[in-house]
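Printed here is model.cif (mmCIF, N, CA and C atoms and all ligand atoms):
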```cif
data_input
#
loop_
_atom_site.label_atom_id
_atom_site.label_comp_id
_atom_site.auth_asym_id
_atom_site.auth_seq_id
_atom_site.Cartn_x
_atom_site.Cartn_y
_atom_site.Cartn_z
N MET A 13 20.87 12.05 131.83
CA MET A 13 20.85 10.82 132.63
C MET A 13 21.44 11.09 134.00
N SER A 14 20.77 10.64 135.05
CA SER A 14 21.35 10.79 136.37
C SER A 14 22.42 9.74 136.59
N VAL A 15 23.29 10.08 137.49
CA VAL A 15 24.33 9.14 137.86
C VAL A 15 23.92 8.52 139.18
N VAL A 16 24.15 7.24 139.34
CA VAL A 16 23.83 6.59 140.60
C VAL A 16 25.10 6.07 141.23
N ALA A 17 25.06 5.91 142.53
CA ALA A 17 26.22 5.41 143.26
C ALA A 17 26.42 3.93 142.96
N GLY A 18 27.66 3.48 143.04
CA GLY A 18 27.97 2.07 142.81
C GLY A 18 27.94 1.28 144.10
N ALA A 19 28.55 0.13 144.05
CA ALA A 19 28.57 -0.77 145.19
C ALA A 19 29.47 -0.23 146.29
N GLY A 20 29.13 -0.54 147.52
CA GLY A 20 30.00 -0.23 148.65
C GLY A 20 31.02 -1.33 148.85
N PRO A 21 31.98 -1.09 149.75
CA PRO A 21 33.02 -2.11 149.97
C PRO A 21 32.46 -3.39 150.57
N VAL A 22 33.03 -4.52 150.16
CA VAL A 22 32.63 -5.84 150.64
C VAL A 22 33.90 -6.58 151.04
N SER A 23 33.87 -7.19 152.21
CA SER A 23 35.01 -7.98 152.65
C SER A 23 34.67 -9.46 152.59
N GLY A 24 35.59 -10.26 152.09
CA GLY A 24 35.36 -11.70 152.03
C GLY A 24 35.80 -12.38 153.31
N ASN A 25 35.44 -13.65 153.45
CA ASN A 25 35.97 -14.50 154.52
C ASN A 25 36.19 -15.89 153.93
N ASP A 26 36.54 -16.85 154.78
CA ASP A 26 36.86 -18.19 154.25
C ASP A 26 35.68 -18.80 153.49
N ASP A 27 34.47 -18.55 153.97
CA ASP A 27 33.29 -19.15 153.33
C ASP A 27 33.00 -18.56 151.96
N THR A 28 33.42 -17.32 151.74
CA THR A 28 33.10 -16.65 150.49
C THR A 28 34.31 -16.50 149.57
N ALA A 29 35.48 -17.03 149.99
CA ALA A 29 36.72 -16.83 149.22
C ALA A 29 36.57 -17.30 147.78
N TRP A 30 35.97 -18.48 147.57
CA TRP A 30 35.85 -19.01 146.21
C TRP A 30 35.00 -18.09 145.33
N PHE A 31 33.97 -17.49 145.94
CA PHE A 31 33.11 -16.60 145.15
C PHE A 31 33.89 -15.36 144.71
N PHE A 32 34.65 -14.75 145.64
CA PHE A 32 35.37 -13.53 145.29
C PHE A 32 36.62 -13.82 144.46
N GLU A 33 37.18 -15.03 144.55
CA GLU A 33 38.24 -15.40 143.61
C GLU A 33 37.66 -15.43 142.19
N GLY A 34 36.40 -15.86 142.09
CA GLY A 34 35.71 -15.85 140.79
C GLY A 34 35.49 -14.45 140.26
N THR A 35 34.95 -13.57 141.12
CA THR A 35 34.68 -12.21 140.63
C THR A 35 35.98 -11.50 140.25
N ALA A 36 37.07 -11.81 140.95
CA ALA A 36 38.36 -11.19 140.61
C ALA A 36 38.81 -11.62 139.20
N ARG A 37 38.39 -12.82 138.77
CA ARG A 37 38.70 -13.30 137.41
C ARG A 37 37.65 -12.86 136.40
N GLY A 38 36.60 -12.19 136.86
CA GLY A 38 35.53 -11.79 135.96
C GLY A 38 34.48 -12.87 135.78
N GLU A 39 34.40 -13.78 136.75
CA GLU A 39 33.38 -14.85 136.70
C GLU A 39 32.39 -14.66 137.84
N PHE A 40 31.11 -14.88 137.52
CA PHE A 40 30.04 -14.83 138.52
C PHE A 40 29.63 -16.26 138.79
N LEU A 41 30.06 -16.78 139.96
CA LEU A 41 29.89 -18.20 140.25
C LEU A 41 28.64 -18.45 141.09
N LEU A 42 27.82 -19.39 140.62
CA LEU A 42 26.74 -19.93 141.43
C LEU A 42 27.11 -21.37 141.74
N GLN A 43 26.32 -22.04 142.56
CA GLN A 43 26.57 -23.44 142.87
C GLN A 43 25.58 -24.31 142.11
N ARG A 44 26.11 -25.39 141.53
CA ARG A 44 25.27 -26.28 140.74
C ARG A 44 25.36 -27.70 141.30
N CYS A 45 24.20 -28.36 141.33
CA CYS A 45 24.15 -29.72 141.85
C CYS A 45 24.33 -30.71 140.70
N PRO A 46 24.52 -32.01 141.00
CA PRO A 46 24.70 -33.01 139.92
C PRO A 46 23.53 -33.06 138.94
N GLN A 47 22.33 -32.69 139.38
CA GLN A 47 21.17 -32.70 138.47
C GLN A 47 21.06 -31.42 137.64
N GLY A 48 21.97 -30.48 137.88
CA GLY A 48 21.99 -29.28 137.06
C GLY A 48 21.23 -28.09 137.60
N HIS A 49 20.70 -28.19 138.81
CA HIS A 49 20.00 -27.05 139.40
C HIS A 49 21.02 -26.01 139.87
N TRP A 50 20.66 -24.73 139.65
CA TRP A 50 21.53 -23.63 140.09
C TRP A 50 21.10 -23.15 141.46
N ASN A 51 22.08 -22.83 142.30
CA ASN A 51 21.80 -22.35 143.64
C ASN A 51 22.67 -21.15 143.96
N ARG A 52 22.20 -20.35 144.95
CA ARG A 52 22.96 -19.19 145.37
C ARG A 52 24.28 -19.63 146.00
N PRO A 53 25.28 -18.73 146.01
CA PRO A 53 26.59 -19.10 146.59
C PRO A 53 26.50 -19.52 148.05
N GLN A 54 25.53 -18.97 148.80
CA GLN A 54 25.44 -19.28 150.23
C GLN A 54 24.80 -20.63 150.49
N ALA A 55 24.20 -21.26 149.48
CA ALA A 55 23.43 -22.48 149.71
C ALA A 55 24.31 -23.60 150.24
N ALA A 56 23.81 -24.32 151.25
CA ALA A 56 24.51 -25.50 151.76
C ALA A 56 24.01 -26.76 151.06
N ARG A 57 22.78 -26.68 150.52
CA ARG A 57 22.19 -27.81 149.79
C ARG A 57 21.29 -27.27 148.69
N CYS A 58 21.05 -28.11 147.68
CA CYS A 58 20.25 -27.68 146.54
C CYS A 58 18.80 -27.40 146.97
N ALA A 59 18.27 -26.27 146.55
CA ALA A 59 16.91 -25.90 146.91
C ALA A 59 15.89 -26.79 146.20
N GLU A 60 16.28 -27.42 145.08
CA GLU A 60 15.35 -28.25 144.29
C GLU A 60 15.38 -29.70 144.74
N CYS A 61 16.57 -30.28 144.89
CA CYS A 61 16.67 -31.74 145.11
C CYS A 61 17.39 -32.09 146.41
N ASP A 62 17.80 -31.09 147.20
CA ASP A 62 18.39 -31.32 148.51
C ASP A 62 19.81 -31.89 148.45
N SER A 63 20.40 -31.97 147.27
CA SER A 63 21.77 -32.49 147.18
C SER A 63 22.73 -31.55 147.89
N THR A 64 23.74 -32.15 148.55
CA THR A 64 24.78 -31.32 149.17
C THR A 64 26.04 -31.29 148.31
N GLU A 65 25.98 -31.94 147.14
CA GLU A 65 27.15 -31.97 146.25
C GLU A 65 27.11 -30.78 145.29
N LEU A 66 27.29 -29.59 145.85
CA LEU A 66 27.21 -28.37 145.06
C LEU A 66 28.61 -27.95 144.61
N VAL A 67 28.71 -27.59 143.34
CA VAL A 67 30.00 -27.23 142.75
C VAL A 67 29.87 -25.83 142.13
N PRO A 68 30.86 -24.94 142.40
CA PRO A 68 30.80 -23.61 141.78
C PRO A 68 30.92 -23.69 140.26
N GLU A 69 30.07 -22.94 139.58
CA GLU A 69 30.10 -22.92 138.12
C GLU A 69 29.73 -21.51 137.65
N PRO A 70 30.42 -21.00 136.60
CA PRO A 70 30.12 -19.64 136.15
C PRO A 70 28.71 -19.54 135.58
N ALA A 71 27.97 -18.52 136.02
CA ALA A 71 26.64 -18.25 135.51
C ALA A 71 26.73 -17.22 134.39
N SER A 72 25.61 -17.07 133.66
CA SER A 72 25.62 -16.21 132.48
C SER A 72 25.74 -14.73 132.83
N GLY A 73 25.23 -14.36 134.01
CA GLY A 73 25.20 -12.94 134.36
C GLY A 73 24.00 -12.22 133.78
N ARG A 74 23.16 -12.93 133.02
CA ARG A 74 21.96 -12.29 132.48
C ARG A 74 20.78 -12.48 133.43
N GLY A 75 19.87 -11.51 133.40
CA GLY A 75 18.70 -11.64 134.25
C GLY A 75 17.70 -10.55 133.95
N ARG A 76 16.63 -10.53 134.73
CA ARG A 76 15.56 -9.55 134.56
C ARG A 76 15.32 -8.83 135.88
N LEU A 77 14.94 -7.56 135.74
CA LEU A 77 14.70 -6.72 136.91
C LEU A 77 13.36 -7.10 137.55
N ILE A 78 13.40 -7.47 138.82
CA ILE A 78 12.18 -7.80 139.56
C ILE A 78 11.67 -6.58 140.32
N SER A 79 12.53 -5.97 141.11
CA SER A 79 12.12 -4.83 141.93
C SER A 79 13.33 -3.99 142.26
N TRP A 80 13.10 -2.72 142.63
CA TRP A 80 14.21 -1.83 142.94
C TRP A 80 13.71 -0.68 143.80
N ALA A 81 14.66 0.06 144.34
CA ALA A 81 14.35 1.27 145.10
C ALA A 81 15.39 2.32 144.74
N VAL A 82 15.03 3.58 144.83
CA VAL A 82 16.00 4.66 144.64
C VAL A 82 16.23 5.28 146.01
N VAL A 83 17.46 5.14 146.50
CA VAL A 83 17.80 5.59 147.84
C VAL A 83 18.60 6.88 147.74
N HIS A 84 17.98 7.97 148.18
CA HIS A 84 18.66 9.27 148.11
C HIS A 84 19.45 9.50 149.39
N PRO A 85 20.64 10.06 149.25
CA PRO A 85 21.45 10.32 150.44
C PRO A 85 20.84 11.45 151.27
N ARG A 86 21.27 11.54 152.49
CA ARG A 86 20.79 12.58 153.40
C ARG A 86 21.14 13.96 152.81
N PRO A 87 20.17 14.86 152.73
CA PRO A 87 20.47 16.19 152.18
C PRO A 87 21.26 17.02 153.17
N GLY A 88 21.76 18.15 152.71
CA GLY A 88 22.40 19.07 153.63
C GLY A 88 23.86 19.36 153.35
N THR A 89 24.47 18.58 152.47
CA THR A 89 25.85 18.90 152.13
C THR A 89 25.86 19.61 150.78
N ASP A 90 26.96 20.31 150.49
CA ASP A 90 27.05 21.07 149.24
C ASP A 90 27.04 20.15 148.03
N SER A 91 27.72 19.03 148.13
CA SER A 91 27.76 18.11 147.00
C SER A 91 27.34 16.73 147.49
N PRO A 92 26.04 16.53 147.65
CA PRO A 92 25.58 15.24 148.19
C PRO A 92 25.96 14.11 147.24
N PRO A 93 26.25 12.93 147.80
CA PRO A 93 26.56 11.78 146.95
C PRO A 93 25.33 11.41 146.12
N PRO A 94 25.53 10.74 144.99
CA PRO A 94 24.40 10.36 144.15
C PRO A 94 23.52 9.32 144.83
N PRO A 95 22.28 9.18 144.38
CA PRO A 95 21.43 8.12 144.93
C PRO A 95 21.98 6.75 144.54
N SER A 96 21.59 5.73 145.29
CA SER A 96 21.93 4.37 144.90
C SER A 96 20.64 3.62 144.60
N VAL A 97 20.75 2.55 143.82
CA VAL A 97 19.58 1.80 143.38
C VAL A 97 19.75 0.32 143.73
N PRO A 98 19.41 -0.05 144.97
CA PRO A 98 19.39 -1.48 145.29
C PRO A 98 18.25 -2.15 144.53
N ALA A 99 18.49 -3.37 144.08
CA ALA A 99 17.51 -4.04 143.23
C ALA A 99 17.57 -5.55 143.41
N ILE A 100 16.50 -6.21 142.96
CA ILE A 100 16.46 -7.67 142.92
C ILE A 100 16.44 -8.10 141.46
N VAL A 101 17.38 -8.97 141.09
CA VAL A 101 17.48 -9.50 139.74
C VAL A 101 17.07 -10.97 139.76
N GLU A 102 16.21 -11.38 138.82
CA GLU A 102 15.96 -12.80 138.62
C GLU A 102 16.97 -13.29 137.60
N LEU A 103 17.93 -14.08 138.04
CA LEU A 103 18.98 -14.57 137.14
C LEU A 103 18.39 -15.54 136.13
N ASP A 104 18.96 -15.60 134.93
CA ASP A 104 18.51 -16.56 133.92
C ASP A 104 18.54 -17.98 134.47
N GLU A 105 19.48 -18.24 135.38
CA GLU A 105 19.62 -19.58 135.96
C GLU A 105 18.54 -19.88 136.99
N GLY A 106 17.79 -18.85 137.44
CA GLY A 106 16.68 -19.10 138.37
C GLY A 106 16.75 -18.33 139.67
N PRO A 107 17.91 -18.41 140.39
CA PRO A 107 17.94 -17.72 141.68
C PRO A 107 17.71 -16.21 141.55
N TRP A 108 17.19 -15.61 142.62
CA TRP A 108 17.08 -14.15 142.71
C TRP A 108 18.32 -13.63 143.42
N TRP A 109 18.72 -12.42 143.06
CA TRP A 109 19.97 -11.85 143.55
C TRP A 109 19.76 -10.41 143.95
N TRP A 110 20.11 -10.08 145.18
CA TRP A 110 20.10 -8.68 145.62
C TRP A 110 21.33 -7.99 145.09
N THR A 111 21.20 -6.81 144.52
CA THR A 111 22.34 -6.15 143.91
C THR A 111 22.17 -4.63 143.95
N ILE A 112 23.14 -3.96 143.34
CA ILE A 112 23.07 -2.53 143.09
C ILE A 112 23.08 -2.35 141.58
N LEU A 113 22.16 -1.53 141.06
CA LEU A 113 22.18 -1.21 139.63
C LEU A 113 23.11 -0.02 139.42
N VAL A 114 23.93 -0.10 138.38
CA VAL A 114 24.89 0.98 138.08
C VAL A 114 24.69 1.45 136.65
N GLY A 115 25.21 2.65 136.36
CA GLY A 115 25.19 3.18 135.00
C GLY A 115 23.79 3.33 134.45
N THR A 116 22.82 3.64 135.32
CA THR A 116 21.42 3.56 134.95
C THR A 116 20.70 4.82 135.43
N ASP A 117 19.84 5.34 134.59
CA ASP A 117 18.94 6.41 135.02
C ASP A 117 17.73 5.74 135.67
N PRO A 118 17.50 5.95 136.97
CA PRO A 118 16.38 5.26 137.63
C PRO A 118 15.04 5.50 136.94
N ALA A 119 14.91 6.64 136.21
CA ALA A 119 13.63 6.97 135.58
C ALA A 119 13.26 5.98 134.46
N VAL A 120 14.25 5.27 133.89
CA VAL A 120 13.95 4.37 132.77
C VAL A 120 13.65 2.94 133.24
N LEU A 121 13.80 2.68 134.53
CA LEU A 121 13.66 1.30 135.00
C LEU A 121 12.22 0.82 134.91
N ARG A 122 12.06 -0.41 134.42
CA ARG A 122 10.75 -1.06 134.33
C ARG A 122 10.92 -2.51 134.78
N ALA A 123 9.94 -3.04 135.49
CA ALA A 123 9.99 -4.45 135.89
C ALA A 123 10.10 -5.32 134.65
N GLY A 124 10.95 -6.33 134.70
CA GLY A 124 11.10 -7.25 133.59
C GLY A 124 12.19 -6.86 132.61
N MET A 125 12.80 -5.67 132.79
CA MET A 125 13.89 -5.25 131.89
C MET A 125 15.03 -6.25 131.93
N GLU A 126 15.68 -6.43 130.77
CA GLU A 126 16.85 -7.30 130.70
C GLU A 126 18.04 -6.57 131.33
N LEU A 127 18.76 -7.30 132.17
CA LEU A 127 19.93 -6.73 132.84
C LEU A 127 21.17 -7.55 132.50
N ALA A 128 22.31 -6.88 132.57
CA ALA A 128 23.58 -7.54 132.29
C ALA A 128 24.54 -7.32 133.45
N LEU A 129 25.38 -8.30 133.66
CA LEU A 129 26.35 -8.28 134.76
C LEU A 129 27.51 -7.35 134.45
N ALA A 130 27.98 -6.67 135.48
CA ALA A 130 29.23 -5.92 135.43
C ALA A 130 29.95 -6.17 136.75
N PHE A 131 31.17 -5.73 136.85
CA PHE A 131 31.89 -5.88 138.11
C PHE A 131 32.41 -4.53 138.55
N GLU A 132 32.40 -4.31 139.87
CA GLU A 132 33.01 -3.11 140.43
C GLU A 132 33.96 -3.54 141.53
N ARG A 133 35.02 -2.73 141.69
CA ARG A 133 35.91 -2.97 142.83
C ARG A 133 36.04 -1.69 143.63
N PRO A 134 35.10 -1.48 144.58
CA PRO A 134 35.21 -0.29 145.43
C PRO A 134 36.53 -0.31 146.20
N GLU A 135 37.00 0.88 146.57
CA GLU A 135 38.27 0.97 147.28
C GLU A 135 38.22 0.13 148.55
N GLY A 136 39.25 -0.67 148.76
CA GLY A 136 39.34 -1.50 149.96
C GLY A 136 38.39 -2.67 149.97
N SER A 137 37.87 -3.07 148.82
CA SER A 137 36.84 -4.10 148.75
C SER A 137 37.24 -5.24 147.83
N GLU A 138 36.55 -6.36 148.01
CA GLU A 138 36.56 -7.41 147.01
C GLU A 138 35.89 -6.89 145.74
N THR A 139 36.13 -7.56 144.60
CA THR A 139 35.39 -7.27 143.38
C THR A 139 33.97 -7.79 143.54
N VAL A 140 32.99 -6.92 143.31
CA VAL A 140 31.59 -7.31 143.56
C VAL A 140 30.79 -7.27 142.25
N PRO A 141 29.86 -8.24 142.10
CA PRO A 141 28.99 -8.21 140.93
C PRO A 141 27.92 -7.14 141.09
N VAL A 142 27.68 -6.39 140.03
CA VAL A 142 26.60 -5.40 139.98
C VAL A 142 25.89 -5.60 138.64
N TRP A 143 24.72 -5.01 138.49
CA TRP A 143 24.00 -5.18 137.22
C TRP A 143 23.69 -3.83 136.60
N THR A 144 23.52 -3.83 135.29
CA THR A 144 23.19 -2.63 134.57
C THR A 144 22.15 -2.98 133.51
N VAL A 145 21.46 -1.99 132.98
CA VAL A 145 20.45 -2.27 131.96
C VAL A 145 21.15 -2.81 130.71
N ALA A 146 20.72 -3.95 130.21
CA ALA A 146 21.37 -4.58 129.05
C ALA A 146 21.24 -3.70 127.82
N GLY A 147 22.34 -3.53 127.11
CA GLY A 147 22.33 -2.74 125.89
C GLY A 147 22.18 -1.25 126.13
N GLY A 148 22.22 -0.82 127.39
CA GLY A 148 22.02 0.59 127.68
C GLY A 148 23.26 1.27 128.19
ZN ZN A 201 19.53 -30.09 142.58
#
```

For this file, write the structure as structure tokens.
Amino acid sequence: MSVVAGAGPVSGNDDTAWFFEGTARGEFLLQRCPQGHWNRPQAARCAECDSTELVPEPASGRGRLISWAVVHPRPGTDSPPPPSVPAIVELDEGPWWWTILVGTDPAVLRAGMELALAFERPEGSETVPVWTVAGG
């Protein structure tokens, strides 16, 4: 199995503090409106019903692989860093999420695969959500 690179460092700000306070507790927070629609953390209003009364709520962390790429580092060093695998996950709650896949051999990836949430804390970074192949 090949090893892939994990997430890079991420810095929070006032707008994202609640999200990264969640990841630090091991929670992946999305925003939910009074009618129960799930929205991305950046949303100012519900994409379904236009409500602005969005409240952070922990999501399941489950989803399916929509698309991905294998990004190889620049060659030329004696010990090049491993490739990274940026990907799009369709969350069980509905929103799509850009992420990095970890702990995964890129050769086994198939569209529609079940993915599970994990967390990484790169040096000097907030805790960031990443995904891995479920059960793998
Ligand atoms: Zn809504």

**Study point:** Neighbourhood of ligand ZN 201 (chain A) at 6 Å, counting only N, CA and C atoms and all ligand atoms, reported as a PyMOL selection string
**Key:** chain A and resi 45-49+58-63

Exercise for review: List the neighbours of Pro134 (chain A) out to 6.5 Å using all atoms listed in the file; skip same-chain residues closer than 2 positions along the sequence, and give me the result as a list in words.
Suggested key: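 Everything that qualifies: Ala19, Gly20, Pro21, Glu132, Gly136, Ser137, Glu138, Thr139 and Val140 of chain A.
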
Review point. What is the CA of Trp80 (chain A)-CA of Thr111 (chain A) distance in Å, reported with one decimal?
Key: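 About the pair CA of Trp80 (chain A) and CA of Thr111 (chain A): they are 9.3 Å apart.
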
**Study point:** Which of chain A DSSP labels helix (DSSP H, G or I), written as a PyMOL selection string
**Key:** chain A and resi 29-36+118-120

Check your understanding: How many Å separate CA of Gly147 (chain A) from atom N of Leu42 (chain A)?
Key ->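 According to the coordinates, CA of Gly147 (chain A) and atom N of Leu42 (chain A) are separated by 22.9 Å.
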
Exercise for review: Calculate how many Å separate atom N of Val67 (chain A) from atom N of Trp143 (chain A), rounding to one decimal.
Suggested key: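 Going from atom N of Val67 (chain A) over to atom N of Trp143 (chain A) covers 23.4 Å.
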
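Distance annotation: of A:Pro68, A:Gly73, A:Pro93, A:Gly24, the residue with the minimal separation from Ala146 (chain A) is A:Gly73; atom set is only C-alpha atoms.
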
First collect every listed atom of region 36-42 of chain A; then fit an axis-aligned box around them, widen it by 4 Å on each side, and give centre and edge lengths in Å to one decimal, as AutoDock Vina command-line options.
```
--center_x 32.8 --center_y -16.3 --center_z 138.8 --size_x 20.1 --size_y 18.2 --size_z 14.0
```

Point to revise | Selected residue, from A:Val97, A:Gly115, A:Leu121, A:Trp108, that lies nearest to Arg52 (chain A) when counting only N, CA and C atoms | key: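 For Arg52 (chain A), the nearest of the candidates is A:Trp108.
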
Exercise for review: Tell me which protein, DNA and RNA residues are within 12 Å of Ala29 (chain A), counting only C-alpha atoms, leaving out same-chain ones fewer than 6 positions away, and put them as a ChimeraX atom specification.
Suggested key: /A:22-23,35-36,41,53-54,68,138-139

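Closest approach to Val82 (chain A) among A:Gly34, A:Pro70, A:Pro118, A:Pro107: A:Pro118, based on only C-alpha atoms.
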
Practice item. List every residue of chain A that DSSP, applied to the backbone, labels as strand (DSSP E), and write the result as an NGL selection string. Key: :A and (41-44 or 50-51 or 67-70 or 75-80 or 97-103 or 108-113 or 126-132 or 140-145)

Review point. Taking into account all atoms listed in the file, which residue in the set A:Pro94, A:Glu69, A:Leu113, A:Gly75 is nearest to Leu127 (chain A)?
Key: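 For Leu127 (chain A), the nearest of the given residues is A:Gly75.
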
Practice item. Find the spatial neighbours of Val114 (chain A), counting all atoms listed in the file, within a cut-off of 6.5 Å - ignore same-chain residues fewer than 6 positions away - and output them as number ranges by chain. Key: A: 16-18, 142-145

**Study point:** Exercise: Ile100 (chain A) partners within 6 Å, only N, CA and C atoms, chain neighbours under 6 positions left out, as a list in words
**Key:**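 That gives Arg76, Leu77, Ile78, Ser79, Trp80, Trp109, Trp110 and Thr111 of chain A.
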